[in-house]
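Source file: protein.cif (mmCIF, C-alpha atoms)
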```cif
data_start
#
loop_
_atom_site.label_atom_id
_atom_site.label_comp_id
_atom_site.auth_asym_id
_atom_site.auth_seq_id
_atom_site.Cartn_x
_atom_site.Cartn_y
_atom_site.Cartn_z
CA TYR Z 1 0.00 0.00 0.00
CA PRO Z 2 1.29 3.51 -0.74
CA THR Z 3 0.35 4.81 2.71
CA ILE Z 4 -0.52 3.44 6.17
CA GLN Z 5 -3.99 4.97 5.86
CA ALA Z 6 -4.57 3.13 2.60
CA ALA Z 7 -3.80 -0.14 4.39
CA ILE Z 8 -6.19 0.77 7.21
CA ASP Z 9 -8.95 1.68 4.73
CA ALA Z 10 -8.56 -1.70 3.03
CA ALA Z 11 -8.46 -3.68 6.27
CA THR Z 12 -11.18 -5.88 7.73
CA ASP Z 13 -11.64 -7.08 11.31
CA GLY Z 14 -8.79 -9.24 12.55
CA ASP Z 15 -6.20 -7.97 10.07
CA ARG Z 16 -2.59 -7.24 10.99
CA ILE Z 17 -0.76 -4.32 9.39
CA GLU Z 18 3.04 -4.30 9.51
CA ILE Z 19 4.81 -0.98 8.98
CA ALA Z 20 8.32 -0.87 7.56
CA ALA Z 21 10.99 1.26 9.21
CA GLY Z 22 10.88 4.93 8.21
CA SER Z 23 9.15 8.25 8.89
CA TYR Z 24 5.52 8.71 7.89
CA LEU Z 25 4.01 12.18 7.65
CA GLU Z 26 0.45 10.94 8.02
CA SER Z 27 -2.47 11.60 10.34
CA LEU Z 28 -4.23 8.25 10.72
CA GLU Z 29 -7.89 7.45 11.42
CA ILE Z 30 -9.35 4.11 12.50
CA ASP Z 31 -13.13 3.72 12.85
CA ALA Z 32 -15.08 0.59 13.80
CA LEU Z 33 -12.30 -1.94 13.20
CA ASN Z 34 -10.46 -4.67 15.09
CA LEU Z 35 -6.82 -4.31 14.04
CA THR Z 36 -3.22 -5.01 14.99
CA ILE Z 37 -0.61 -2.51 13.79
CA ALA Z 38 3.03 -3.47 14.33
CA ALA Z 39 6.06 -1.36 13.48
CA ALA Z 40 9.82 -1.83 13.61
CA SER Z 41 10.62 -0.75 17.16
CA GLY Z 42 12.61 2.47 17.41
CA LYS Z 43 12.80 2.75 13.64
CA THR Z 44 9.27 3.75 12.70
CA ARG Z 45 8.14 7.31 13.26
CA LEU Z 46 4.61 8.67 12.81
CA ALA Z 47 5.19 12.41 12.44
CA PRO Z 48 2.37 14.39 10.85
CA ALA Z 49 3.23 18.02 10.17
CA MET Z 50 -0.31 19.10 11.05
CA GLY Z 51 -3.08 17.60 13.16
CA ASP Z 52 -3.32 14.66 15.54
CA ALA Z 53 -1.21 11.60 14.80
CA LEU Z 54 -3.79 8.86 15.33
CA THR Z 55 -7.56 9.05 15.90
CA ILE Z 56 -9.37 5.85 16.92
CA GLU Z 57 -13.12 5.52 17.42
CA ASP Z 58 -15.32 2.52 18.26
CA SER Z 59 -12.45 0.13 17.55
CA VAL Z 60 -10.24 -2.53 19.15
CA VAL Z 61 -6.62 -1.84 18.24
CA GLU Z 62 -3.21 -3.15 19.28
CA LEU Z 63 -0.29 -0.88 18.42
CA SER Z 64 3.41 -1.63 18.91
CA GLY Z 65 6.81 -0.24 17.99
CA LEU Z 66 5.76 3.28 17.02
CA THR Z 67 7.48 6.54 17.82
CA ILE Z 68 4.72 9.18 17.64
CA THR Z 69 5.88 12.78 17.20
CA PRO Z 70 3.19 15.11 15.85
CA SER Z 71 4.42 18.62 15.11
CA SER Z 72 1.23 20.42 16.15
CA GLY Z 73 -1.32 17.99 17.53
CA GLN Z 74 -2.11 15.20 19.95
CA GLY Z 75 -0.56 11.74 19.82
CA LEU Z 76 -3.66 9.56 20.25
CA VAL Z 77 -7.29 10.68 20.28
CA LEU Z 78 -9.54 7.85 21.48
CA THR Z 79 -13.33 7.71 21.63
CA ASP Z 80 -15.03 4.55 22.96
CA ALA Z 81 -12.07 2.49 21.77
CA ASP Z 82 -10.13 -0.37 23.36
CA VAL Z 83 -6.44 0.22 22.70
CA VAL Z 84 -3.15 -1.38 23.71
CA LEU Z 85 0.01 0.63 22.96
CA SER Z 86 3.31 -1.13 23.67
CA ASP Z 87 7.02 -0.66 23.07
CA ALA Z 88 6.38 2.90 21.93
CA THR Z 89 7.13 6.58 22.51
CA ILE Z 90 4.90 9.65 22.31
CA GLU Z 91 7.01 12.79 22.17
CA GLY Z 92 6.35 16.49 21.67
CA ALA Z 93 2.58 16.10 21.31
CA SER Z 94 0.26 18.95 22.31
CA GLY Z 95 -3.41 19.67 22.88
CA SER Z 96 -5.90 21.16 25.30
CA LEU Z 97 -7.27 17.94 26.81
CA GLY Z 98 -4.21 15.66 26.88
CA GLY Z 99 -1.10 16.20 24.80
CA GLY Z 100 0.04 12.59 24.42
CA VAL Z 101 -3.36 10.91 24.70
CA SER Z 102 -6.92 12.24 24.90
CA MET Z 103 -9.47 9.60 25.84
CA GLU Z 104 -13.27 9.52 26.22
CA GLY Z 105 -14.62 6.16 27.38
CA GLY Z 106 -13.17 2.80 26.42
CA THR Z 107 -9.99 1.17 27.72
CA LEU Z 108 -6.31 1.95 27.27
CA SER Z 109 -3.22 -0.05 28.25
CA LEU Z 110 0.25 1.50 27.90
CA VAL Z 111 3.07 -1.03 28.31
CA ASP Z 112 6.77 -0.13 27.99
CA VAL Z 113 5.95 3.36 26.77
CA GLY Z 114 7.92 6.60 27.00
CA LEU Z 115 6.04 9.91 27.28
CA VAL Z 116 8.40 12.80 26.56
CA ASP Z 117 7.97 16.59 26.48
CA ASN Z 118 4.22 16.58 25.90
CA ILE Z 119 2.12 19.71 26.49
CA ALA Z 120 -1.52 20.33 27.38
CA THR Z 121 -3.84 22.49 29.44
CA TYR Z 122 -5.16 19.38 31.22
CA GLY Z 123 -2.88 16.33 31.44
CA ALA Z 124 0.37 16.76 29.52
CA ASP Z 125 0.61 13.04 28.76
CA LEU Z 126 -2.93 11.76 29.25
CA TYR Z 127 -6.46 13.08 29.73
CA ALA Z 128 -9.09 10.42 30.46
CA THR Z 129 -12.81 10.84 31.17
CA ASP Z 130 -16.29 9.39 30.61
CA ASP Z 131 -15.77 6.12 32.55
CA ALA Z 132 -12.50 5.38 30.79
CA ASP Z 133 -10.33 2.57 32.18
CA VAL Z 134 -6.56 3.17 31.97
CA THR Z 135 -3.63 0.89 32.84
CA LEU Z 136 0.00 2.04 32.76
CA THR Z 137 2.75 -0.57 33.12
CA ARG Z 138 6.45 0.27 32.89
CA VAL Z 139 5.79 3.80 31.70
CA ASP Z 140 8.32 6.64 31.93
CA SER Z 141 7.01 10.21 31.71
CA SER Z 142 9.39 13.16 31.56
CA GLY Z 143 9.30 16.82 30.67
CA GLY Z 144 5.52 17.28 30.67
CA SER Z 145 4.08 20.80 30.81
CA ALA Z 146 0.47 21.62 31.75
CA SER Z 147 -1.76 23.93 33.71
CA TRP Z 148 -3.37 20.93 35.46
CA GLY Z 149 -1.65 17.55 35.71
CA GLY Z 150 2.03 17.48 34.76
CA SER Z 151 1.51 13.98 33.41
CA LEU Z 152 -2.02 12.67 34.03
CA TYR Z 153 -5.49 14.23 34.33
CA ILE Z 154 -8.08 11.62 35.29
CA ASP Z 155 -11.72 12.76 35.55
CA ASP Z 156 -14.55 10.25 36.04
CA ALA Z 157 -12.28 7.34 35.14
CA THR Z 158 -10.34 4.39 36.59
CA LEU Z 159 -6.53 4.29 36.63
CA SER Z 160 -4.03 1.55 37.48
CA LEU Z 161 -0.30 2.31 37.69
CA SER Z 162 2.57 -0.19 38.01
CA ASP Z 163 6.27 0.66 37.68
CA VAL Z 164 5.65 4.23 36.55
CA THR Z 165 8.05 7.18 36.74
CA ILE Z 166 7.00 10.83 36.36
CA SER Z 167 9.75 13.45 36.34
CA ASP Z 168 10.82 16.93 35.24
CA SER Z 169 7.31 18.31 34.83
CA ILE Z 170 6.36 21.99 34.97
CA VAL Z 171 2.78 22.59 36.03
CA SER Z 172 0.46 24.99 37.84
CA TYR Z 173 -1.61 22.41 39.76
CA GLY Z 174 -0.90 18.70 40.36
CA GLY Z 175 2.72 18.08 39.42
CA GLY Z 176 2.36 14.36 38.79
CA MET Z 177 -1.36 13.92 38.35
CA VAL Z 178 -4.81 15.39 38.93
CA LEU Z 179 -7.51 12.94 40.03
CA ILE Z 180 -11.16 14.01 40.06
CA ASP Z 181 -13.98 11.54 40.69
CA ALA Z 182 -11.47 8.78 39.97
CA ILE Z 183 -10.61 5.33 41.31
CA VAL Z 184 -6.84 4.81 41.31
CA SER Z 185 -4.42 2.07 42.34
CA ALA Z 186 -0.70 2.78 42.22
CA THR Z 187 2.23 0.39 42.84
CA ASP Z 188 5.91 1.24 42.47
CA VAL Z 189 5.37 4.83 41.33
CA THR Z 190 8.10 7.50 41.48
CA ILE Z 191 7.40 11.23 41.12
CA SER Z 192 10.43 13.51 41.16
CA ASP Z 193 11.93 16.80 40.00
CA ILE Z 194 8.56 18.52 39.66
CA ALA Z 195 7.89 22.26 39.73
CA ALA Z 196 4.28 23.12 40.61
CA THR Z 197 3.71 26.86 40.44
CA TYR Z 198 0.63 27.07 42.66
CA ALA Z 199 -0.41 23.84 44.36
CA ALA Z 200 -0.03 20.07 44.80
CA GLY Z 201 3.50 19.34 43.68
CA VAL Z 202 2.73 15.61 43.53
CA ILE Z 203 -1.01 14.88 43.33
CA TRP Z 204 -4.23 16.87 43.30
CA VAL Z 205 -6.94 14.44 44.40
CA GLU Z 206 -10.61 15.41 44.62
CA ASP Z 207 -13.67 13.21 45.27
CA SER Z 208 -11.55 10.17 44.47
CA ILE Z 209 -10.25 6.90 45.90
CA LEU Z 210 -6.47 6.49 45.81
CA ASP Z 211 -4.72 3.30 46.92
CA ALA Z 212 -0.97 3.87 46.65
CA VAL Z 213 1.70 1.28 47.48
CA GLU Z 214 5.40 2.12 47.12
CA LEU Z 215 4.97 5.75 46.13
CA SER Z 216 8.33 7.56 46.07
CA ILE Z 217 8.57 11.36 46.03
CA ALA Z 218 11.70 13.50 45.62
CA ASP Z 219 12.63 17.09 44.71
CA VAL Z 220 9.11 18.44 44.36
CA VAL Z 221 8.26 22.12 44.72
CA GLY Z 222 4.67 23.29 45.25
CA ASN Z 223 2.66 26.08 46.82
CA ARG Z 224 2.13 25.04 50.43
CA THR Z 225 -1.11 27.02 50.71
CA TYR Z 226 -2.85 24.21 48.84
CA GLY Z 227 -0.51 21.34 49.64
CA GLY Z 228 3.13 21.38 48.64
CA GLY Z 229 2.98 17.66 47.95
CA VAL Z 230 -0.65 16.55 47.99
CA TYR Z 231 -3.91 18.46 47.92
CA ALA Z 232 -6.85 16.25 48.90
CA LEU Z 233 -10.53 17.13 49.02
CA GLY Z 234 -13.38 14.70 49.71
CA SER Z 235 -11.15 11.68 48.99
CA THR Z 236 -9.82 8.53 50.59
#
```

Would you write out, as structure tokens, the structure that this file holds?
Amino acid sequence: YPTIQAAIDAATDGDRIEIAAGSYLESLEIDALNLTIAAASGKTRLAPAMGDALTIEDSVVELSGLTITPSSGQGLVLTDADVVLSDATIEGASGSLGGGVSMEGGTLSLVDVGLVDNIATYGADLYATDDADVTLTRVDSSGGSASWGGSLYIDDATLSLSDVTISDSIVSYGGGMVLIDAIVSATDVTISDIAATYAAGVIWVEDSILDAVELSIADVVGNRTYGGGVYALGST
């Protein structure tokens, strides 16, 4: 196929698309499909000059091996989709609701993923809402910049973290993450080298349930008026 999108458009449920090493200046769309997309790890870059890199709606998709670097858009935009992204990097993505990933409903699993220098108003790396279910395993976030949530902004969603590192974020509120009406479990999570301008250098948690085991915190700066490390309201 001449383009990745052409392969997607020709695909039927259950198909596997393999992408050769190289850089692809495409914005991809997947709608109502069950697909596997595999790329040569570390050698395949999805780098659209304009727009979001990959939009997925009402689909079940497994993605692996991609380096996603949109010049002026979000990495993944998901609506009622079930997505697994593994052995991948999302870098330099930007948007209002989630720079790296914006998610409404559905499920998302990130495994062995790097999130680097992403930018958003809410959730530099990830914004999830509308009963979304998110799992992060062996994920390294660094260099995020946001008004709310230096890495994660979780609103009306479920989040599970295992072996996750968040570092070097610059944020106004919630240096590592903002949790609102969320249910969260966290194991082996490290949050370090965060600069929160106003409040909650580590976590802003509101009307949520947070069960954290092995949470390490270091070199975090936040406004102590609203919790230098953690700001909690109506939560357990």

Exercise. Of the residues Z:Ile203, Z:Met103, Z:Val113, Z:Ile180, which is the one nearest to Asp130 of chain Z, using all atoms listed in the file?
Worked result: Z:Met103

Exercise. Atom CA of Ala39 of chain Z to atom CA of Ser94 of chain Z: how many Å, to one decimal?
Worked result: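 Computing the Euclidean distance for atom CA of Ala39 of chain Z and atom CA of Ser94 of chain Z yields 22.9 Å.
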
Seminar exercise, completed: Atom pair atom CA of Ala195 of chain Z + atom CA of Val111 of chain Z, distance 26.4 Å

For this session: Determine the nearest neighbour of Gly22 of chain Z from the options Z:Thr36, Z:Gly150, Z:Ile8, Z:Leu66, counting all atoms listed in the file.
Result: Z:Leu66

For this session: Counting only C-alpha atoms, select every polymer residue within 12 Å of (-5.8, -4.6, 8.5) as defined in the file's coordinates, and provide the selection as number ranges by chain.
Result: Z: 1, 4-19, 30-38, 60-63

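Rounded to one decimal, atom CA of Glu57 of chain Z and atom CA of Asp131 of chain Z lie 15.4 Å from each other.
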
Which residues of segment 106-222 of chain Z sit at most 7 Å from segment 76-90 of chain Z, using all atoms listed in the file? Give each one's shortest atom pair and distance in Å (one decimal place), in chain and ascending residue order, as a tab-separated table.
```
residue	atom	partner	partner_atom	distance
Z:Gly106	CA	Z:Asp80	CA	4.3
Z:Thr107	CA	Z:Asp82	CA	4.6
Z:Leu108	CA	Z:Val83	CA	4.9
Z:Ser109	CA	Z:Val84	CA	4.7
Z:Leu110	CA	Z:Leu85	CA	5.0
Z:Val111	CA	Z:Ser86	CA	4.6
Z:Asp112	CA	Z:Asp87	CA	5.0
Z:Val113	CA	Z:Ala88	CA	4.9
Z:Gly114	CA	Z:Thr89	CA	4.6
Z:Leu115	CA	Z:Ile90	CA	5.1
Z:Val116	CA	Z:Ile90	CA	6.3
```

Problem set entry | Option closest in space to Val213 of chain Z, from Z:Ser141, Z:Asp181, Z:Tyr122, Z:Ser160 [counting all atoms listed in the file] | Z:Ser160

For this session: Have a look at Z:Ala132, Z:Ala20, Z:Val202, Z:Leu54 and name the one nearest to Gly100 of chain Z; count all atoms listed in the file.
Result: Z:Leu54

Problem set entry | For Ala124 of chain Z, the nearest of the candidates Z:Gly175, Z:Ala49, Z:Thr165, Z:Thr69, counting only C-alpha atoms |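 Once distances to Ala124 of chain Z are computed over only C-alpha atoms, the minimum belongs to Z:Gly175.
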